[in-house]
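**Student:** Next up, structure33.txt (compact mmCIF, N, CA and C atoms).
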```txt
# COMPACT_ATOMS: atom_id res chain seq x y z
N MET A 1 -110.46 32.27 13.15
CA MET A 1 -110.64 33.65 13.48
C MET A 1 -110.01 34.00 14.84
N TRP A 2 -109.92 33.00 15.70
CA TRP A 2 -109.37 33.23 17.03
C TRP A 2 -108.03 32.51 17.15
N ALA A 3 -107.11 33.13 17.85
CA ALA A 3 -105.79 32.54 18.05
C ALA A 3 -105.39 32.67 19.51
N GLU A 4 -104.60 31.72 19.97
CA GLU A 4 -104.13 31.76 21.34
C GLU A 4 -102.85 32.59 21.41
N ASN A 5 -102.82 33.54 22.34
CA ASN A 5 -101.63 34.38 22.47
C ASN A 5 -100.68 33.78 23.51
N MET A 6 -99.62 34.52 23.82
CA MET A 6 -98.57 34.03 24.72
C MET A 6 -99.08 33.73 26.12
N GLU A 7 -100.10 34.46 26.56
CA GLU A 7 -100.62 34.27 27.92
C GLU A 7 -101.62 33.13 28.00
N GLY A 8 -101.97 32.52 26.86
CA GLY A 8 -102.91 31.42 26.87
C GLY A 8 -104.36 31.84 26.67
N THR A 9 -104.61 33.13 26.47
CA THR A 9 -105.96 33.58 26.22
C THR A 9 -106.19 33.68 24.71
N TYR A 10 -107.44 33.64 24.33
CA TYR A 10 -107.76 33.68 22.91
C TYR A 10 -108.10 35.11 22.49
N VAL A 11 -107.51 35.55 21.41
CA VAL A 11 -107.77 36.88 20.86
C VAL A 11 -108.12 36.73 19.39
N MET A 12 -108.83 37.72 18.87
CA MET A 12 -109.20 37.68 17.47
C MET A 12 -107.98 38.02 16.61
N LYS A 13 -107.76 37.21 15.57
CA LYS A 13 -106.63 37.43 14.68
C LYS A 13 -106.88 38.66 13.83
N ARG A 14 -105.83 39.38 13.56
CA ARG A 14 -105.93 40.55 12.69
C ARG A 14 -105.65 40.13 11.27
N ILE A 15 -106.56 40.46 10.38
CA ILE A 15 -106.41 40.14 8.97
C ILE A 15 -105.95 41.40 8.26
N ASP A 16 -104.95 41.26 7.43
CA ASP A 16 -104.41 42.38 6.68
C ASP A 16 -105.23 42.57 5.41
N TYR A 17 -106.30 43.36 5.51
CA TYR A 17 -107.22 43.54 4.39
C TYR A 17 -106.57 44.33 3.25
N LYS A 18 -105.64 45.21 3.58
CA LYS A 18 -104.96 45.98 2.54
C LYS A 18 -104.12 45.06 1.66
N ASP A 19 -103.41 44.13 2.28
CA ASP A 19 -102.61 43.16 1.55
C ASP A 19 -103.51 42.27 0.69
N MET A 20 -104.62 41.83 1.27
CA MET A 20 -105.54 40.98 0.53
C MET A 20 -106.15 41.72 -0.65
N GLY A 21 -106.53 42.96 -0.45
CA GLY A 21 -107.09 43.77 -1.53
C GLY A 21 -106.10 44.01 -2.65
N GLU A 22 -104.85 44.26 -2.28
CA GLU A 22 -103.81 44.47 -3.29
C GLU A 22 -103.62 43.22 -4.13
N ARG A 23 -103.64 42.06 -3.50
CA ARG A 23 -103.49 40.80 -4.23
C ARG A 23 -104.68 40.54 -5.16
N VAL A 24 -105.88 40.87 -4.71
CA VAL A 24 -107.07 40.65 -5.53
C VAL A 24 -107.05 41.57 -6.75
N VAL A 25 -106.74 42.84 -6.55
CA VAL A 25 -106.69 43.79 -7.67
C VAL A 25 -105.59 43.40 -8.65
N ALA A 26 -104.43 43.00 -8.14
CA ALA A 26 -103.34 42.59 -9.02
C ALA A 26 -103.71 41.34 -9.82
N THR A 27 -104.38 40.40 -9.17
CA THR A 27 -104.80 39.19 -9.88
C THR A 27 -105.79 39.53 -10.98
N PHE A 28 -106.74 40.42 -10.69
CA PHE A 28 -107.73 40.82 -11.69
C PHE A 28 -107.07 41.50 -12.88
N LEU A 29 -106.17 42.44 -12.61
CA LEU A 29 -105.52 43.17 -13.69
C LEU A 29 -104.62 42.25 -14.52
N GLN A 30 -103.90 41.36 -13.87
CA GLN A 30 -103.04 40.44 -14.60
C GLN A 30 -103.87 39.47 -15.44
N ALA A 31 -104.97 38.98 -14.89
CA ALA A 31 -105.81 38.06 -15.65
C ALA A 31 -106.47 38.78 -16.82
N CYS A 32 -106.91 40.02 -16.61
CA CYS A 32 -107.49 40.80 -17.72
C CYS A 32 -106.46 41.01 -18.81
N GLY A 33 -105.28 41.43 -18.43
CA GLY A 33 -104.23 41.66 -19.41
C GLY A 33 -103.86 40.40 -20.17
N GLY A 34 -103.78 39.31 -19.45
CA GLY A 34 -103.42 38.05 -20.09
C GLY A 34 -104.49 37.53 -21.04
N THR A 35 -105.73 37.55 -20.59
CA THR A 35 -106.80 37.01 -21.44
C THR A 35 -107.10 37.92 -22.62
N LEU A 36 -107.16 39.24 -22.38
CA LEU A 36 -107.43 40.15 -23.49
C LEU A 36 -106.26 40.20 -24.47
N GLY A 37 -105.05 40.16 -23.94
CA GLY A 37 -103.87 40.15 -24.81
C GLY A 37 -103.78 38.88 -25.65
N THR A 38 -104.08 37.77 -25.04
CA THR A 38 -104.06 36.50 -25.77
C THR A 38 -105.16 36.47 -26.82
N ASN A 39 -106.32 37.01 -26.47
CA ASN A 39 -107.43 37.03 -27.42
C ASN A 39 -107.12 37.93 -28.62
N SER A 40 -106.32 38.97 -28.42
CA SER A 40 -105.99 39.83 -29.55
C SER A 40 -104.93 39.20 -30.46
N VAL A 41 -104.06 38.36 -29.88
CA VAL A 41 -103.04 37.69 -30.68
C VAL A 41 -103.61 36.44 -31.36
N ILE A 42 -104.30 35.63 -30.56
CA ILE A 42 -104.92 34.41 -31.07
C ILE A 42 -106.42 34.61 -30.96
N ASP A 43 -107.10 34.66 -32.07
CA ASP A 43 -108.55 34.89 -32.02
C ASP A 43 -109.22 33.64 -31.46
N MET A 44 -109.61 33.73 -30.18
CA MET A 44 -110.24 32.59 -29.51
C MET A 44 -111.74 32.54 -29.74
N GLY A 45 -112.29 33.58 -30.32
CA GLY A 45 -113.73 33.60 -30.56
C GLY A 45 -114.55 33.86 -29.31
N VAL A 46 -113.95 34.49 -28.31
CA VAL A 46 -114.64 34.79 -27.06
C VAL A 46 -114.79 36.30 -26.95
N THR A 47 -115.97 36.76 -26.56
CA THR A 47 -116.18 38.20 -26.44
C THR A 47 -115.42 38.74 -25.23
N GLU A 48 -115.14 40.03 -25.27
CA GLU A 48 -114.32 40.65 -24.22
C GLU A 48 -114.99 40.59 -22.85
N TRP A 49 -116.30 40.74 -22.80
CA TRP A 49 -116.96 40.74 -21.49
C TRP A 49 -116.84 39.37 -20.82
N LYS A 50 -116.79 38.30 -21.59
CA LYS A 50 -116.60 36.98 -21.01
C LYS A 50 -115.18 36.81 -20.48
N LEU A 51 -114.22 37.41 -21.16
CA LEU A 51 -112.84 37.35 -20.69
C LEU A 51 -112.67 38.14 -19.40
N ILE A 52 -113.35 39.29 -19.33
CA ILE A 52 -113.29 40.10 -18.10
C ILE A 52 -114.01 39.38 -16.96
N LEU A 53 -115.11 38.70 -17.28
CA LEU A 53 -115.81 37.91 -16.27
C LEU A 53 -114.92 36.79 -15.74
N ALA A 54 -114.20 36.13 -16.64
CA ALA A 54 -113.27 35.08 -16.21
C ALA A 54 -112.17 35.66 -15.33
N SER A 55 -111.72 36.87 -15.64
CA SER A 55 -110.71 37.53 -14.81
C SER A 55 -111.27 37.85 -13.44
N GLY A 56 -112.53 38.23 -13.39
CA GLY A 56 -113.20 38.48 -12.11
C GLY A 56 -113.28 37.21 -11.28
N CYS A 57 -113.54 36.08 -11.93
CA CYS A 57 -113.58 34.80 -11.22
C CYS A 57 -112.20 34.47 -10.64
N ALA A 58 -111.15 34.77 -11.38
CA ALA A 58 -109.80 34.55 -10.86
C ALA A 58 -109.54 35.42 -9.63
N ALA A 59 -110.04 36.66 -9.67
CA ALA A 59 -109.87 37.56 -8.53
C ALA A 59 -110.65 37.06 -7.31
N VAL A 60 -111.85 36.51 -7.53
CA VAL A 60 -112.63 35.97 -6.42
C VAL A 60 -111.91 34.77 -5.81
N LEU A 61 -111.33 33.91 -6.64
CA LEU A 61 -110.56 32.79 -6.11
C LEU A 61 -109.35 33.27 -5.32
N SER A 62 -108.73 34.34 -5.79
CA SER A 62 -107.61 34.93 -5.06
C SER A 62 -108.06 35.46 -3.70
N LEU A 63 -109.24 36.07 -3.66
CA LEU A 63 -109.79 36.58 -2.40
C LEU A 63 -110.06 35.43 -1.43
N LEU A 64 -110.67 34.35 -1.92
CA LEU A 64 -110.98 33.22 -1.06
C LEU A 64 -109.70 32.56 -0.53
N LYS A 65 -108.68 32.43 -1.38
CA LYS A 65 -107.41 31.86 -0.93
C LYS A 65 -106.74 32.76 0.10
N GLY A 66 -106.76 34.06 -0.15
CA GLY A 66 -106.15 34.98 0.79
C GLY A 66 -106.85 35.02 2.13
N TYR A 67 -108.17 34.94 2.11
CA TYR A 67 -108.93 34.94 3.36
C TYR A 67 -108.67 33.66 4.15
N ALA A 68 -108.66 32.52 3.44
CA ALA A 68 -108.38 31.25 4.11
C ALA A 68 -106.96 31.24 4.67
N ALA A 69 -106.00 31.76 3.92
CA ALA A 69 -104.62 31.79 4.40
C ALA A 69 -104.47 32.71 5.60
N SER A 70 -105.21 33.82 5.63
CA SER A 70 -105.10 34.74 6.75
C SER A 70 -105.73 34.16 8.02
N ILE A 71 -106.74 33.31 7.86
CA ILE A 71 -107.36 32.69 9.03
C ILE A 71 -106.54 31.49 9.51
N LEU A 72 -106.09 30.67 8.57
CA LEU A 72 -105.37 29.45 8.94
C LEU A 72 -103.90 29.71 9.25
N GLY A 73 -103.34 30.80 8.73
CA GLY A 73 -101.94 31.11 8.97
C GLY A 73 -101.71 31.66 10.36
N LYS A 74 -100.45 31.89 10.67
CA LYS A 74 -100.09 32.35 12.01
C LYS A 74 -99.97 33.85 12.12
N ASP A 75 -99.68 34.54 11.01
CA ASP A 75 -99.38 35.97 11.12
C ASP A 75 -100.47 36.87 10.55
N GLY A 76 -101.60 36.33 10.10
CA GLY A 76 -102.69 37.15 9.57
C GLY A 76 -102.47 37.64 8.16
N SER A 77 -101.39 37.23 7.53
CA SER A 77 -101.09 37.64 6.17
C SER A 77 -101.89 36.79 5.19
N SER A 78 -102.05 37.29 3.97
CA SER A 78 -102.75 36.55 2.93
C SER A 78 -101.86 35.54 2.25
N SER A 79 -100.65 35.42 2.70
CA SER A 79 -99.70 34.50 2.11
C SER A 79 -99.77 33.14 2.78
N VAL A 80 -99.64 32.09 2.00
CA VAL A 80 -99.61 30.75 2.55
C VAL A 80 -98.26 30.49 3.20
N TYR A 81 -97.22 31.10 2.64
CA TYR A 81 -95.86 30.94 3.15
C TYR A 81 -95.69 31.72 4.44
N THR A 82 -95.18 31.07 5.47
CA THR A 82 -94.91 31.74 6.75
C THR A 82 -93.44 32.13 6.79
N ARG A 83 -93.19 33.39 7.00
CA ARG A 83 -91.82 33.89 7.01
C ARG A 83 -91.15 33.52 8.33
N VAL A 84 -89.94 33.00 8.23
CA VAL A 84 -89.16 32.64 9.39
C VAL A 84 -87.95 33.57 9.45
N GLU A 85 -87.81 34.27 10.54
CA GLU A 85 -86.68 35.17 10.72
C GLU A 85 -85.45 34.37 11.16
N PRO A 86 -84.38 34.41 10.38
CA PRO A 86 -83.19 33.68 10.78
C PRO A 86 -82.47 34.39 11.93
N ASP A 87 -81.90 33.60 12.82
CA ASP A 87 -81.09 34.22 13.87
C ASP A 87 -79.63 34.22 13.41
N GLU A 88 -78.78 34.84 14.20
CA GLU A 88 -77.39 35.01 13.77
C GLU A 88 -76.65 33.69 13.61
N SER A 89 -77.00 32.68 14.40
CA SER A 89 -76.31 31.40 14.27
C SER A 89 -76.59 30.77 12.91
N ASP A 90 -77.82 30.93 12.41
CA ASP A 90 -78.14 30.40 11.08
C ASP A 90 -77.35 31.13 10.01
N LEU A 91 -77.22 32.44 10.14
CA LEU A 91 -76.49 33.22 9.14
C LEU A 91 -75.01 32.89 9.14
N GLU A 92 -74.44 32.72 10.31
CA GLU A 92 -73.02 32.37 10.38
C GLU A 92 -72.78 31.02 9.75
N GLU A 93 -73.67 30.07 10.00
CA GLU A 93 -73.53 28.74 9.41
C GLU A 93 -73.74 28.80 7.90
N MET A 94 -74.65 29.65 7.47
CA MET A 94 -74.95 29.75 6.05
C MET A 94 -73.77 30.30 5.26
N TYR A 95 -73.06 31.27 5.83
CA TYR A 95 -71.96 31.89 5.10
C TYR A 95 -70.61 31.26 5.44
N GLY A 96 -70.60 30.14 6.15
CA GLY A 96 -69.39 29.38 6.36
C GLY A 96 -68.45 29.97 7.39
N GLU A 97 -68.91 30.84 8.27
CA GLU A 97 -68.04 31.43 9.28
C GLU A 97 -67.87 30.51 10.48
N VAL A 98 -68.79 29.54 10.62
CA VAL A 98 -68.74 28.62 11.74
C VAL A 98 -68.91 27.22 11.18
N ASP A 99 -68.20 26.24 11.75
CA ASP A 99 -68.39 24.86 11.31
C ASP A 99 -69.82 24.42 11.58
N ALA A 100 -70.37 23.67 10.65
CA ALA A 100 -71.77 23.28 10.77
C ALA A 100 -71.99 22.34 11.95
N TYR A 101 -71.17 21.31 12.07
CA TYR A 101 -71.36 20.38 13.20
C TYR A 101 -70.05 19.77 13.58
```
Can you present the structure in this file as structure tokens?

**Tutor:**
Amino acid sequence: MWAENMEGTYVMKRIDYKDMGERVVATFLQACGGTLGTNSVIDMGVTEWKLILASGCAAVLSLLKGYAASILGKDGSSSVYTRVEPDESDLEEMYGEVDAY
């Protein structure tokens, strides 16, 4: 919950709740669509409310993962992947404009 800033003092990390909420809602809707759609094509013998409950469980797991990633990550995002901004030297090397070594 707390992170050390450039001056060496500890500040509370900002969690992007909008991003986390979007991911949870998307996970719930995708899981509902997948389970209900599969149940309509292949009769699994499971009632719809159980499939929706399972989709809710998937959304809760998405929420827990996003919260853990936002606390353990460096940028407060719900993503586990940390974005690295390339500088111009990396881009020049990538596109072959400069010899690598």

**Student:** Can you tell me which residues surround Ser78 of chain A at a distance of at most 6.5 Å, considering all atoms listed in the file, apart from same-chain residues fewer than 6 positions away, and format the answer as a PyMOL selection string?

**Tutor:** chain A and resi 16+19-20+65-67+69-70

**Student:** What is the atom CA of Tyr17 of chain A-atom CA of Leu51 of chain A distance in Å, reported with one decimal?

**Tutor:**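 Answer for the atom CA of Tyr17 of chain A to atom CA of Leu51 of chain A separation: 26.4 Å.
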
**Student:** Which residues are near Ala54 of chain A? Cut-off 10 Å, only C-alpha atoms, ignore same chain within fewer than 3 positions. Put them as an mmCIF file with N, CA and C atoms, in the coordinates of the input.

**Tutor:**
```cif
data_model
loop_
_atom_site.group_PDB
_atom_site.id
_atom_site.type_symbol
_atom_site.label_atom_id
_atom_site.label_comp_id
_atom_site.auth_asym_id
_atom_site.auth_seq_id
_atom_site.Cartn_x
_atom_site.Cartn_y
_atom_site.Cartn_z
ATOM 1 N N PHE A 28 -106.740 40.420 -10.690
ATOM 2 C CA PHE A 28 -107.730 40.820 -11.690
ATOM 3 C C PHE A 28 -107.070 41.500 -12.880
ATOM 4 N N ALA A 31 -104.970 38.980 -14.890
ATOM 5 C CA ALA A 31 -105.810 38.060 -15.650
ATOM 6 C C ALA A 31 -106.470 38.780 -16.820
ATOM 7 N N CYS A 32 -106.910 40.020 -16.610
ATOM 8 C CA CYS A 32 -107.490 40.800 -17.720
ATOM 9 C C CYS A 32 -106.460 41.010 -18.810
ATOM 10 N N THR A 35 -105.730 37.550 -20.590
ATOM 11 C CA THR A 35 -106.800 37.010 -21.440
ATOM 12 C C THR A 35 -107.100 37.920 -22.620
ATOM 13 N N GLU A 48 -115.140 40.030 -25.270
ATOM 14 C CA GLU A 48 -114.320 40.650 -24.220
ATOM 15 C C GLU A 48 -114.990 40.590 -22.850
ATOM 16 N N TRP A 49 -116.300 40.740 -22.800
ATOM 17 C CA TRP A 49 -116.960 40.740 -21.490
ATOM 18 C C TRP A 49 -116.840 39.370 -20.820
ATOM 19 N N LYS A 50 -116.790 38.300 -21.590
ATOM 20 C CA LYS A 50 -116.600 36.980 -21.010
ATOM 21 C C LYS A 50 -115.180 36.810 -20.480
ATOM 22 N N LEU A 51 -114.220 37.410 -21.160
ATOM 23 C CA LEU A 51 -112.840 37.350 -20.690
ATOM 24 C C LEU A 51 -112.670 38.140 -19.400
ATOM 25 N N CYS A 57 -113.540 36.080 -11.930
ATOM 26 C CA CYS A 57 -113.580 34.800 -11.220
ATOM 27 C C CYS A 57 -112.200 34.470 -10.640
ATOM 28 N N ALA A 58 -111.150 34.770 -11.380
ATOM 29 C CA ALA A 58 -109.800 34.550 -10.860
ATOM 30 C C ALA A 58 -109.540 35.420 -9.630
ATOM 31 N N ALA A 59 -110.040 36.660 -9.670
ATOM 32 C CA ALA A 59 -109.870 37.560 -8.530
ATOM 33 C C ALA A 59 -110.650 37.060 -7.310
ATOM 34 N N VAL A 60 -111.850 36.510 -7.530
ATOM 35 C CA VAL A 60 -112.630 35.970 -6.420
ATOM 36 C C VAL A 60 -111.910 34.770 -5.810
#
```

**Student:** Quick check, in Å to one decimal: how far apart do atom N of Ser77 of chain A and atom N of Ile15 of chain A lie?

**Tutor:**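 Atom-to-atom, atom N of Ser77 of chain A and atom N of Ile15 of chain A are spaced 6.7 Å apart.
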
**Student:** Give me the box for segment 69-72 of chain A as AutoDock Vina command-line options, namely the centre and edge lengths in Å to one decimal of a box along x, y and z that holds every listed atom plus 8 Å on each side.

**Tutor:**
```
--center_x -105.6 --center_y 32.1 --center_z 6.7 --size_x 19.5 --size_y 21.3 --size_z 21.6
```

**Student:** Select from segment 44-79 of chain A everything DSSP, run on the backbone, classes as alpha helix (DSSP H), then give the selection as a ChimeraX atom specification.

**Tutor:** /A:48-72

**Student:** Go ahead and compute the interatomic distance for atom C of Ser40 of chain A and atom N of Arg23 of chain A, in Å to one decimal.

**Tutor:** 27.1 Å
